[in-house]
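Participant: Please find one structure pasted underneath; my questions will follow.
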Amino acid sequence: MKIKVVKDYEEMSREAALFIEKNVRENPQLTLGLATGGTPLGTYRFLAQGHRERKMDYSRVTTFNLDEYVGLPKNHEHSYHSFMQKHLFSLVPFGRTYIPNGEAADLEEECIAYERLIEKEGPPDIQLLGIGSNGHIGFNEPGASFEGETHVETLAETTRKANARFFPSPEDVPKEAITMGIGSILKSRKILLLASGLRKNEAIRRLLKGEMDESFPASALYHHENVTLIVDEEAYGKGVEDIAE
Ligand SMILES: N[C@@H]1[C@@H](O)[C@H](O)[C@@H](COP(=O)(O)O)O[C@@H]1O
């Protein structure tokens with residue numbers, strides 16, 4: 001695991017966007033795995049700026065999103081479809097964009113179809129990831145299998161609480177989500193993990209201990225040979241050793 005410690009959220013976001021831009025310049029037909037949540041917002045802002053000001057071209061890039069809430073219509077203001085539209089897709093035209101359909105009549109079928117799509121079009125050349133304070137990646141909660149494919153996950157109460165800030169009230173946070181599995185995520189060629197702020201300090205500390213354990217989903221990343229962690233000083237904390245290589 002390559003670890004880059006940066007000053008703050010802005011710097012993390014800029015570094016992440018530069019990482020993606022460099023890879024897209026080298027391969028304009030890249031497949032990009034995308035994440036939601038507060039963490040990648042700055043990265044998306046910088047990608048949009050690069051497109052606007054430096055004419056970065058994403059017209060042949062295909063994107064796959066990690067996850068979507070179950071039961072929210074695509075045009076619901078808190079669906080991840082709406083999130084991506086608002087923060088990235090309306091600002092940067094991509095070739096093709098895929099997000100799981102959380103209101104599919106047959107969710108199992110949707111999961112299988114999404115996994116097949118990833119296999120057919122991908123796997124992603126770069127998978128962008130945030131980390132939950134309980135170590136979740138995508139919506140793979142503690143206990144999720146490291147070999148798991150796209151599936152329906154019941155959200156941990158801590159995750160629902162953390163995401164309540166995006167909803168009018170905590171009860172409005174859906175109880176389930178479709179998520180790419182940890183096995184699907186690990187198929188990506190490169191993984192770019194971002195973490196910012198004190199809220200993530202404990203999760204980063206635990207990750208950097210380097211112990212692989214299904215009770216801590218992000219530790220599965222030690223099974224992958226090309227992971228870059230960009231972490232700001234608050235999330236990294238003082239005195240954390242670079243245990244990981
Ligand atoms: N499903 C998403 C994850 O993809 C995200 O990485 C994580 C952290 O969110 P945030 O970036 O808002 O801290 O939780 C969310 O629930």
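Ligands are numbered from 1 in the order shown, residues from 1 within each chain, and chains are lettered A, B, ... in the order they appear in the structure tokens.
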Considering only C-alpha atoms, give me a table of residues in range 176-222 of chain A that are at most 8 Å from range 96-110 of chain A, with the closest atom pair and distance in Å for each, as CSV.

Facilitator:
residue,atom,partner,partner_atom,distance
A:Ala177,CA,A:Gly102,CA,7.0
A:Ile178,CA,A:Gly102,CA,6.4
A:Thr179,CA,A:Pro100,CA,7.8

Participant: Could you list, as a ChimeraX atom specification, all protein and nucleic acid residues with an atom at most 6 Å from ligand 1, counting only C-alpha atoms and all ligand atoms?

Facilitator: /A:35-39,129-132,137-139

Participant: Could the residues in this selection be written to a file with N, CA and C atoms, as a short mmCIF file (atom, residue, chain, number, x, y, z; two decimals), in the first residue's frame?

Facilitator:
data_model
loop_
_atom_site.label_atom_id
_atom_site.label_comp_id
_atom_site.auth_asym_id
_atom_site.auth_seq_id
_atom_site.Cartn_x
_atom_site.Cartn_y
_atom_site.Cartn_z
N ALA A 35 -17.17 6.58 -6.29
CA ALA A 35 -17.75 6.44 -4.95
C ALA A 35 -18.62 7.66 -4.64
N THR A 36 -19.39 7.54 -3.60
CA THR A 36 -20.24 8.67 -3.15
C THR A 36 -19.84 9.04 -1.73
N GLY A 37 -20.64 9.84 -1.07
CA GLY A 37 -20.31 10.29 0.28
C GLY A 37 -19.61 11.64 0.21
N GLY A 38 -19.25 12.17 1.37
CA GLY A 38 -18.62 13.48 1.41
C GLY A 38 -17.18 13.45 0.89
N THR A 39 -16.50 12.33 1.08
CA THR A 39 -15.07 12.28 0.77
C THR A 39 -14.71 12.64 -0.68
N LEU A 129 -12.23 4.95 -3.68
CA LEU A 129 -12.93 4.47 -2.48
C LEU A 129 -12.83 5.48 -1.34
N GLY A 130 -13.90 5.61 -0.59
CA GLY A 130 -13.84 6.26 0.72
C GLY A 130 -13.83 5.13 1.75
N ILE A 131 -13.85 5.51 3.00
CA ILE A 131 -13.89 4.49 4.05
C ILE A 131 -14.89 4.93 5.12
N GLY A 132 -15.74 4.01 5.55
CA GLY A 132 -16.67 4.33 6.63
C GLY A 132 -15.92 4.33 7.96
N ILE A 137 -16.24 -0.38 3.04
CA ILE A 137 -15.88 0.14 1.71
C ILE A 137 -17.05 -0.19 0.79
N GLY A 138 -17.40 0.76 -0.09
CA GLY A 138 -18.69 0.65 -0.78
C GLY A 138 -19.71 0.65 0.35
N PHE A 139 -20.60 -0.33 0.34
CA PHE A 139 -21.48 -0.51 1.49
C PHE A 139 -21.23 -1.88 2.13
#

Participant: For Asn201 in chain A, which of A:Asp232, A:Glu119, A:Glu147, A:Asp125 is the closest residue, counting only C-alpha atoms?

Facilitator: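 Between A:Asp232, A:Glu119, A:Glu147, A:Asp125, the residue approaching Asn201 in chain A most closely is A:Asp232.
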
Participant: Once DSSP has gone over the backbone, tell me which residues of range 18-240 of chain A are in strand (DSSP E), as a PyMOL selection string.

Facilitator: chain A and resi 31-34+62-65+67-69+96-98+126-129+151-154+176-179+190-195+227-232

Participant: Counting only C-alpha atoms, give me one row per residue of range 97-194 of chain A with an atom at most 7 Å from an atom of range 203-211 of chain A, showing the shortest contact pair and its distance in Å to one decimal, sorted by chain then residue number, as CSV.

Facilitator:
residue,atom,partner,partner_atom,distance
A:Ser133,CA,A:Ala203,CA,5.5
A:Asn134,CA,A:Ala203,CA,6.4
A:Gly135,CA,A:Ala203,CA,5.7

Participant: Per residue of range 148-177 of chain A within 7 Å of range 182-185 of chain A, which atom pair is closest and at what distance in Å (one decimal), using only C-alpha atoms, listed by chain and increasing number, as CSV?

Facilitator:
residue,atom,partner,partner_atom,distance
A:Gly148,CA,A:Gly183,CA,4.8
A:Glu149,CA,A:Ser184,CA,5.2
A:Thr150,CA,A:Ser184,CA,6.8

Participant: Those residues with N, CA and C atoms, as a PDB file, in the first residue's frame please?

Facilitator:
ATOM      1  N   GLY A 148     -16.858 -11.479  -1.779  1.00  0.00           N
ATOM      2  CA  GLY A 148     -18.222 -11.153  -2.195  1.00  0.00           C
ATOM      3  C   GLY A 148     -18.327 -10.408  -3.514  1.00  0.00           C
ATOM      4  N   GLU A 149     -19.403 -10.710  -4.252  1.00  0.00           N
ATOM      5  CA  GLU A 149     -19.693  -9.977  -5.484  1.00  0.00           C
ATOM      6  C   GLU A 149     -20.805  -8.974  -5.182  1.00  0.00           C
ATOM      7  N   THR A 150     -21.335  -8.329  -6.232  1.00  0.00           N
ATOM      8  CA  THR A 150     -22.400  -7.343  -6.030  1.00  0.00           C
ATOM      9  C   THR A 150     -23.592  -8.003  -5.328  1.00  0.00           C
TER      10      THR A 150
END

Participant: Enumerate as a count of residues only all residues of range 15-240 of chain A assigned to alpha helix (DSSP H) by DSSP on the backbone, naming them with the chain letters and numbers the document uses.

Facilitator: 70

Participant: Measuring atom to atom with only C-alpha atoms, identify which of A:Val152, A:Leu32, A:Val92, A:Ala164 is nearest to Ile112 in chain A.

Facilitator: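 Closest candidate: A:Val152.
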
Participant: Using only C-alpha atoms, which residues sit within 12 Å of Asn23 in chain A once same-chain residues fewer than 4 positions away are excluded, as JSON, numbers by chain?

Facilitator: {"A": [16, 17, 18, 19, 27, 28, 29, 30, 31, 32, 56, 57, 58, 61, 124, 125, 126, 127, 189, 190, 192]}

Participant: Choose the residue, out of A:Glu214, A:Asp172, A:Glu157, A:Glu10, that has the smallest atom-to-atom separation from Leu72 in chain A; count only C-alpha atoms.

Facilitator: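 The shortest atom-to-atom distance to Leu72 in chain A comes from A:Asp172.
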
Participant: Between A:Gly50, A:His76, A:Leu186, A:Met84, single out the one closest to Leu34 in chain A, counting only C-alpha atoms.

Facilitator: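 Among the listed residues, the smallest separation from Leu34 in chain A belongs to A:Met84.
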
Participant: What lies within 7 Å of Glu141 in chain A using only C-alpha atoms, ignoring chain neighbours under 2 positions off, as a list in words?

Facilitator: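 So, after excluding close chain neighbours, the residues are His136, Phe139, Gly143, Ala144, Leu155, Ala156 and Pro217 of chain A.
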
Participant: For CA of Arg45 in chain A and CA of Glu153 in chain A, quote the distance in Å rounded to one decimal.

Facilitator: 29.1 Å
